[in-house]
file structure-v1.cif (mmCIF, C-alpha atoms and all ligand atoms)
data_start
loop_
_atom_site.label_atom_id
_atom_site.label_comp_id
_atom_site.auth_asym_id
_atom_site.auth_seq_id
_atom_site.Cartn_x
_atom_site.Cartn_y
_atom_site.Cartn_z
CA MET A 12 0.00 0.00 0.00
CA GLU A 13 1.17 3.48 -0.76
CA LEU A 14 0.75 6.01 2.02
CA LYS A 15 1.02 9.76 2.33
CA PRO A 16 1.05 12.15 5.29
CA ALA A 17 -2.49 12.86 6.56
CA GLU A 18 -2.55 15.19 9.57
CA VAL A 19 0.02 16.76 11.83
CA LEU A 20 -0.02 14.85 15.10
CA ILE A 21 2.86 16.78 16.71
CA SER A 22 4.09 20.07 15.30
CA LYS A 23 7.66 21.09 14.69
CA GLU A 24 7.38 23.67 17.48
CA ALA A 25 5.96 21.20 19.99
CA ILE A 26 8.75 18.74 19.20
CA ALA A 27 11.43 21.42 19.65
CA GLU A 28 10.00 22.49 22.99
CA ARG A 29 9.83 18.91 24.32
CA VAL A 30 13.29 17.99 23.02
CA SER A 31 14.73 20.99 24.80
CA ALA A 32 12.96 20.06 28.06
CA ILE A 33 14.29 16.50 27.89
CA ALA A 34 17.79 17.81 27.20
CA LYS A 35 17.54 19.99 30.33
CA GLU A 36 16.58 16.94 32.40
CA ILE A 37 19.54 15.01 31.00
CA THR A 38 21.87 17.95 31.64
CA SER A 39 20.90 18.17 35.30
CA ARG A 40 21.00 14.40 35.81
CA TYR A 41 24.50 13.97 34.32
CA ASP A 42 25.89 17.39 35.29
CA GLY A 43 29.69 17.23 35.54
CA GLY A 44 29.77 13.70 34.11
CA SER A 45 29.69 12.03 30.73
CA VAL A 46 27.17 10.11 28.65
CA LEU A 47 27.27 7.87 25.64
CA MET A 48 24.14 8.61 23.63
CA VAL A 49 23.33 5.65 21.41
CA GLY A 50 20.94 6.37 18.55
CA ILE A 51 19.00 3.43 17.16
CA LEU A 52 19.19 3.49 13.39
CA ARG A 53 17.56 4.76 11.43
CA GLY A 54 14.51 6.35 13.01
CA ALA A 55 16.22 8.08 15.95
CA VAL A 56 18.85 9.97 13.95
CA ILE A 57 17.01 13.28 13.74
CA PHE A 58 15.80 13.16 17.34
CA LEU A 59 19.35 12.40 18.53
CA ALA A 60 20.83 15.20 16.45
CA ASP A 61 18.44 17.76 17.91
CA LEU A 62 18.65 16.39 21.44
CA VAL A 63 22.44 16.44 21.81
CA ARG A 64 22.64 20.05 20.68
CA GLU A 65 20.38 21.09 23.57
CA ILE A 66 22.45 19.31 26.23
CA GLY A 67 24.56 21.77 28.22
CA PRO A 68 28.37 21.96 28.13
CA SER A 69 28.57 20.61 31.71
CA VAL A 70 27.95 17.13 30.28
CA GLU A 71 30.52 15.39 28.11
CA VAL A 72 28.53 13.79 25.30
CA SER A 73 29.64 11.03 22.94
CA ILE A 74 27.50 9.71 20.10
CA GLU A 75 27.21 6.14 18.89
CA PHE A 76 24.77 4.24 16.68
CA MET A 77 23.47 0.73 16.46
CA LYS A 78 20.75 -1.17 14.72
CA ALA A 79 18.27 -3.77 15.87
CA SER A 80 15.49 -5.58 14.08
CA SER A 81 12.65 -7.83 15.05
CA TYR A 82 12.40 -11.08 13.21
CA GLY A 83 10.17 -14.12 12.90
CA ALA A 84 6.87 -14.60 11.10
CA SER A 85 5.05 -12.30 13.45
CA THR A 86 7.49 -9.69 14.61
CA GLN A 87 5.26 -8.43 17.37
CA SER A 88 4.68 -11.73 19.07
CA SER A 89 7.91 -13.59 18.30
CA GLY A 90 9.77 -11.47 20.81
CA LYS A 91 13.03 -12.03 18.98
CA VAL A 92 15.15 -8.97 18.41
CA ALA A 93 18.47 -9.20 16.59
CA ILE A 94 21.26 -6.67 16.99
CA THR A 95 22.15 -6.14 13.33
CA GLN A 96 24.76 -3.43 13.85
CA GLN A 97 26.81 -3.40 17.03
CA PRO A 98 28.29 -0.27 18.58
CA THR A 99 32.06 -0.04 18.09
CA MET A 100 32.85 2.24 21.05
CA GLU A 101 33.82 0.86 24.45
CA ILE A 102 30.69 0.43 26.57
CA GLU A 103 32.23 -0.78 29.80
CA GLY A 104 31.90 1.81 32.56
CA ARG A 105 29.92 4.27 30.42
CA ASN A 106 26.64 5.97 31.27
CA VAL A 107 24.58 4.90 28.29
CA ILE A 108 21.43 6.62 27.11
CA ILE A 109 19.63 4.64 24.42
CA VAL A 110 17.88 7.07 22.10
CA GLU A 111 14.95 5.58 20.19
CA ASP A 112 12.15 7.02 18.08
CA ILE A 113 9.22 4.94 19.32
CA VAL A 114 8.56 2.44 22.04
CA ASP A 115 5.80 0.21 20.80
CA THR A 116 5.71 -3.40 22.07
CA GLY A 117 8.83 -2.67 24.14
CA LEU A 118 10.64 -5.74 22.80
CA THR A 119 13.40 -3.80 21.03
CA LEU A 120 14.22 -1.64 24.04
CA LYS A 121 14.12 -4.57 26.42
CA ARG A 122 16.72 -6.33 24.27
CA LEU A 123 18.83 -3.19 23.98
CA ARG A 124 18.83 -2.55 27.73
CA GLU A 125 20.03 -6.12 28.24
CA TYR A 126 22.73 -5.64 25.62
CA PHE A 127 24.26 -2.67 27.46
CA ALA A 128 23.92 -4.26 30.88
CA ASP A 129 25.67 -7.38 29.51
CA HIS A 130 28.47 -5.23 28.08
CA GLY A 131 29.27 -3.62 31.43
CA ALA A 132 27.68 -0.17 31.13
CA ALA A 133 27.89 1.77 34.41
CA SER A 134 24.28 2.85 33.90
CA VAL A 135 21.63 2.47 31.22
CA ALA A 136 18.74 4.84 30.56
CA VAL A 137 16.23 5.01 27.73
CA CYS A 138 15.06 8.15 25.98
CA VAL A 139 12.19 7.85 23.49
CA LEU A 140 10.46 10.51 21.50
CA LEU A 141 7.14 8.67 21.26
CA ASP A 142 5.47 6.12 23.48
CA LYS A 143 2.61 3.99 22.15
CA GLN A 144 1.71 2.84 25.66
CA ASP A 145 -1.39 0.87 24.64
CA ARG A 146 0.71 -1.52 22.57
CA ARG A 147 3.17 -2.57 25.23
CA VAL A 148 3.80 -6.33 25.37
CA VAL A 149 6.74 -6.34 27.78
CA ASP A 150 7.51 -3.96 30.61
CA VAL A 151 10.55 -1.83 30.00
CA PRO A 152 11.66 1.20 32.00
CA VAL A 153 11.76 4.43 30.00
CA GLU A 154 13.50 7.28 31.80
CA TYR A 155 12.79 10.09 29.31
CA THR A 156 9.66 10.30 27.12
CA GLY A 157 8.74 12.97 24.60
CA PHE A 158 5.06 12.25 23.99
CA VAL A 159 2.60 9.46 24.70
CA ILE A 160 0.62 8.87 21.50
CA PRO A 161 -2.35 6.70 20.53
CA ASP A 162 -1.91 3.50 18.57
CA GLU A 163 -1.60 5.12 15.16
CA PHE A 164 1.09 4.76 12.55
CA VAL A 165 3.19 7.91 12.30
CA VAL A 166 5.90 9.26 10.00
CA GLY A 167 8.26 12.21 9.87
CA TYR A 168 11.00 13.62 12.08
CA GLY A 169 13.10 10.57 11.29
CA MET A 170 10.31 7.99 11.23
CA ASP A 171 9.44 6.23 8.01
CA TYR A 172 6.97 4.22 6.07
CA ASP A 173 8.90 1.98 3.68
CA GLU A 174 12.01 4.21 4.11
CA LYS A 175 10.05 7.27 3.01
CA MET A 176 8.88 10.47 4.71
CA ARG A 177 11.70 10.58 7.30
CA ASN A 178 12.46 14.13 6.18
CA LEU A 179 9.12 15.66 7.20
CA PRO A 180 9.81 18.25 9.92
CA ALA A 181 6.75 17.36 12.01
CA ILE A 182 5.11 14.07 13.03
CA PHE A 183 2.22 13.04 10.81
CA THR A 184 -0.44 10.36 10.71
CA VAL A 185 -0.76 8.62 7.34
CA ARG A 186 -3.47 7.66 4.87
CA PRO A 187 -3.57 5.79 1.56
CA VAL A 188 -2.62 7.95 -1.46
CA ASP A 189 -5.95 7.39 -3.19
CA GLU A 190 -8.08 8.68 -0.30
P1 LIG B 201 9.00 -2.32 19.48
O1 LIG B 201 8.83 -1.44 20.67
O2 LIG B 201 10.00 -3.40 19.68
O3 LIG B 201 7.68 -2.89 19.02
O4 LIG B 201 9.58 -1.52 18.23
C1 LIG B 201 9.49 -0.17 18.06
C2 LIG B 201 10.00 0.12 16.66
O5 LIG B 201 8.96 -0.10 15.71
C3 LIG B 201 10.36 1.59 16.50
O6 LIG B 201 11.70 1.83 16.74
C4 LIG B 201 10.03 1.86 15.06
O7 LIG B 201 11.14 1.56 14.25
C5 LIG B 201 8.94 0.90 14.72
N1 LIG B 201 7.63 1.60 14.74
C6 LIG B 201 6.63 1.36 15.61
N2 LIG B 201 5.57 2.17 15.35
C7 LIG B 201 5.94 2.94 14.30
C8 LIG B 201 5.27 4.02 13.59
O8 LIG B 201 4.14 4.42 13.87
N3 LIG B 201 5.98 4.58 12.57
C9 LIG B 201 7.23 4.18 12.23
N4 LIG B 201 7.88 3.20 12.87
C10 LIG B 201 7.25 2.59 13.90
#
call {"tool": "encode", "arguments": {"input": "structure-v1.cif", "output": "C-alpha cells", "more": "lines below"}}
Ligand code: IMP
result
Amino acid sequence: MELKPAEVLISKEAIAERVSAIAKEITSRYDGGSVLMVGILRGAVIFLADLVREIGPSVEVSIEFMKASSYGASTQSSGKVAITQQPTMEIEGRNVIIVEDIVDTGLTLKRLREYFADHGAASVAVCVLLDKQDRRVVDVPVEYTGFVIPDEFVVGYGMDYDEKMRNLPAIFTVRPVDE
C-alpha cells in the first residue's frame, strides 16, 4: 500500500520544545559527568541530532549508533530482536542513554537494555520521542519520554513508512494515497 502524510499529530514547534525540556533533564541528571548517547538506526537519527545540541556543556557527550530488528513470522509476538549493527565504542563503565524514536511493544528496548547491561555499562537509561503505551507487550523502563501517542502509525521527524517520509519536519499520521 502506498501512504502519504495525513494530519500533523505533533508540530515542529511542539517537538522542539519537548526535546529541549528532555535535554535539560539530561543535563541536570549527568551534570559534571559524561554520557554515551546511542541512537538506534535509522529512526532516531534526527531526534538524537536535535537532542544532543540542547544538552549543556557541563555534560561530556559522545555519540554512537546501532541497529536492531525484530524477526520471525510475526514480529510483534515472536519477541526475537536481533542486533544487526553493534556499537564499536567501548561500553564498559559508560553511562549509556539509548535514544529511540518509538517504544511500541517494548521488545526492542528490552533487548537493547540487556545488551548494554551485559556489556558492562555503568548505567543504562532510555530516551524515546514517542510512546505507544497501549501496545506494550513487555515492561521496559523508560526514563525520558517525549510524547505518549495513541496506537496510530506515524511518520516524519526521522520515522518512516517503507524508508520514506523521514524528512518531514513534524510528526504526521498517514493515509492511503488514493483517499
Ligand atoms: P517495538 O517497541 O520493539 O515494538 O519496536 C518499536 C519500533 O517499531 C520503532 O523503533 C520503530 O522503528 C517501529 N515503529 C513502531 N511504530 C511505528 C510508527 O508508527 N511509525 C514508524 N515506525 C514505527
call {"tool": "residues_around", "arguments": {"input": "structure-v1.cif", "residues": "Cys138 of chain A", "least_positions_apart": "6", "cutoff": "9 Å", "atoms": "all atoms listed in the file", "output": "ChimeraX atom specification"}}
result
/A:33,108-112,153-157
call {"tool": "residues_near_point", "arguments": {"input": "structure-v1.cif", "point": "(21.8, 13.1, 37.7)", "cutoff": "12 Å", "atoms": "all atoms listed in the file", "output": "mmCIF file with C-alpha atoms, keeping the file's coordinate frame"}}
result
data_model
loop_
_atom_site.group_PDB
_atom_site.id
_atom_site.type_symbol
_atom_site.label_atom_id
_atom_site.label_comp_id
_atom_site.auth_asym_id
_atom_site.auth_seq_id
_atom_site.Cartn_x
_atom_site.Cartn_y
_atom_site.Cartn_z
ATOM 1 C CA LYS A 35 17.540 19.990 30.330
ATOM 2 C CA GLU A 36 16.580 16.940 32.400
ATOM 3 C CA ILE A 37 19.540 15.010 31.000
ATOM 4 C CA THR A 38 21.870 17.950 31.640
ATOM 5 C CA SER A 39 20.900 18.170 35.300
ATOM 6 C CA ARG A 40 21.000 14.400 35.810
ATOM 7 C CA TYR A 41 24.500 13.970 34.320
ATOM 8 C CA ASP A 42 25.890 17.390 35.290
ATOM 9 C CA GLY A 43 29.690 17.230 35.540
ATOM 10 C CA GLY A 44 29.770 13.700 34.110
ATOM 11 C CA SER A 45 29.690 12.030 30.730
ATOM 12 C CA VAL A 46 27.170 10.110 28.650
ATOM 13 C CA SER A 69 28.570 20.610 31.710
ATOM 14 C CA VAL A 70 27.950 17.130 30.280
ATOM 15 C CA ASN A 106 26.640 5.970 31.270
ATOM 16 C CA SER A 134 24.280 2.850 33.900
ATOM 17 C CA ALA A 136 18.740 4.840 30.560
ATOM 18 C CA GLU A 154 13.500 7.280 31.800
#
call {"tool": "closest_residue", "arguments": {"input": "structure-v1.cif", "among": "A:Ile51, A:Val114, A:Met170, A:Leu62", "to": "Gln96 of chain A", "atoms": "all atoms listed in the file"}}
result
A:Ile51
call {"tool": "residues_near_ligand", "arguments": {"input": "structure-v1.cif", "ligand": "ligand LIG 201 (chain B)", "cutoff": "10 Å", "atoms": "all atoms listed in the file", "output": "number ranges by chain"}}
result
A: 51-55, 78-81, 86-88, 90-92, 110-123, 139-144, 146-149, 151, 160-167, 169-174, 176-177, 182-185
call {"tool": "closest_residue", "arguments": {"input": "structure-v1.cif", "among": "A:Glu13, A:Tyr168, A:Asn178, A:Phe127", "to": "Ala27 of chain A", "atoms": "all atoms listed in the file"}}
result
A:Tyr168
call {"tool": "closest_residue", "arguments": {"input": "structure-v1.cif", "among": "A:Gly131, A:Pro98, A:Gly67, A:Pro152", "to": "Ala34 of chain A", "atoms": "all atoms listed in the file"}}
result
A:Gly67
call {"tool": "closest_residue", "arguments": {"input": "structure-v1.cif", "among": "A:Glu190, A:Glu71, A:Glu103, A:Glu28", "to": "Asp129 of chain A", "atoms": "all atoms listed in the file"}}
result
A:Glu103
call {"tool": "atom_distance", "arguments": {"input": "structure-v1.cif", "atom1": "atom CA of Glu18 of chain A", "atom2": "atom CA of Val56 of chain A"}}
result
22.5 Å
call {"tool": "residues_around", "arguments": {"input": "structure-v1.cif", "residues": "Val188 of chain A", "least_positions_apart": "3", "cutoff": "12 Å", "atoms": "all atoms listed in the file", "output": "list in words"}}
result
Met12, Glu13, Leu14, Lys15, Pro16, Ala17 and Val185 of chain A
call {"tool": "atom_distance", "arguments": {"input": "structure-v1.cif", "atom1": "atom CA of Thr95 of chain A", "atom2": "atom CA of Leu179 of chain A"}}
result
26.1 Å
call {"tool": "atom_distance", "arguments": {"input": "structure-v1.cif", "atom1": "atom CA of Ala133 of chain A", "atom2": "atom CA of Met48 of chain A"}}
result
13.3 Å
call {"tool": "closest_residue", "arguments": {"input": "structure-v1.cif", "among": "A:Ala181, A:Met77, A:Val159, A:Val19", "to": "Tyr126 of chain A", "atoms": "all atoms listed in the file"}}
result
A:Met77
call {"tool": "residues_near_point", "arguments": {"input": "structure-v1.cif", "point": "(24.4, 13.7, 19.7)", "cutoff": "8 Å", "atoms": "only C-alpha atoms", "output": "PyMOL selection string"}}
result
chain A and resi 48+59-64+72-74
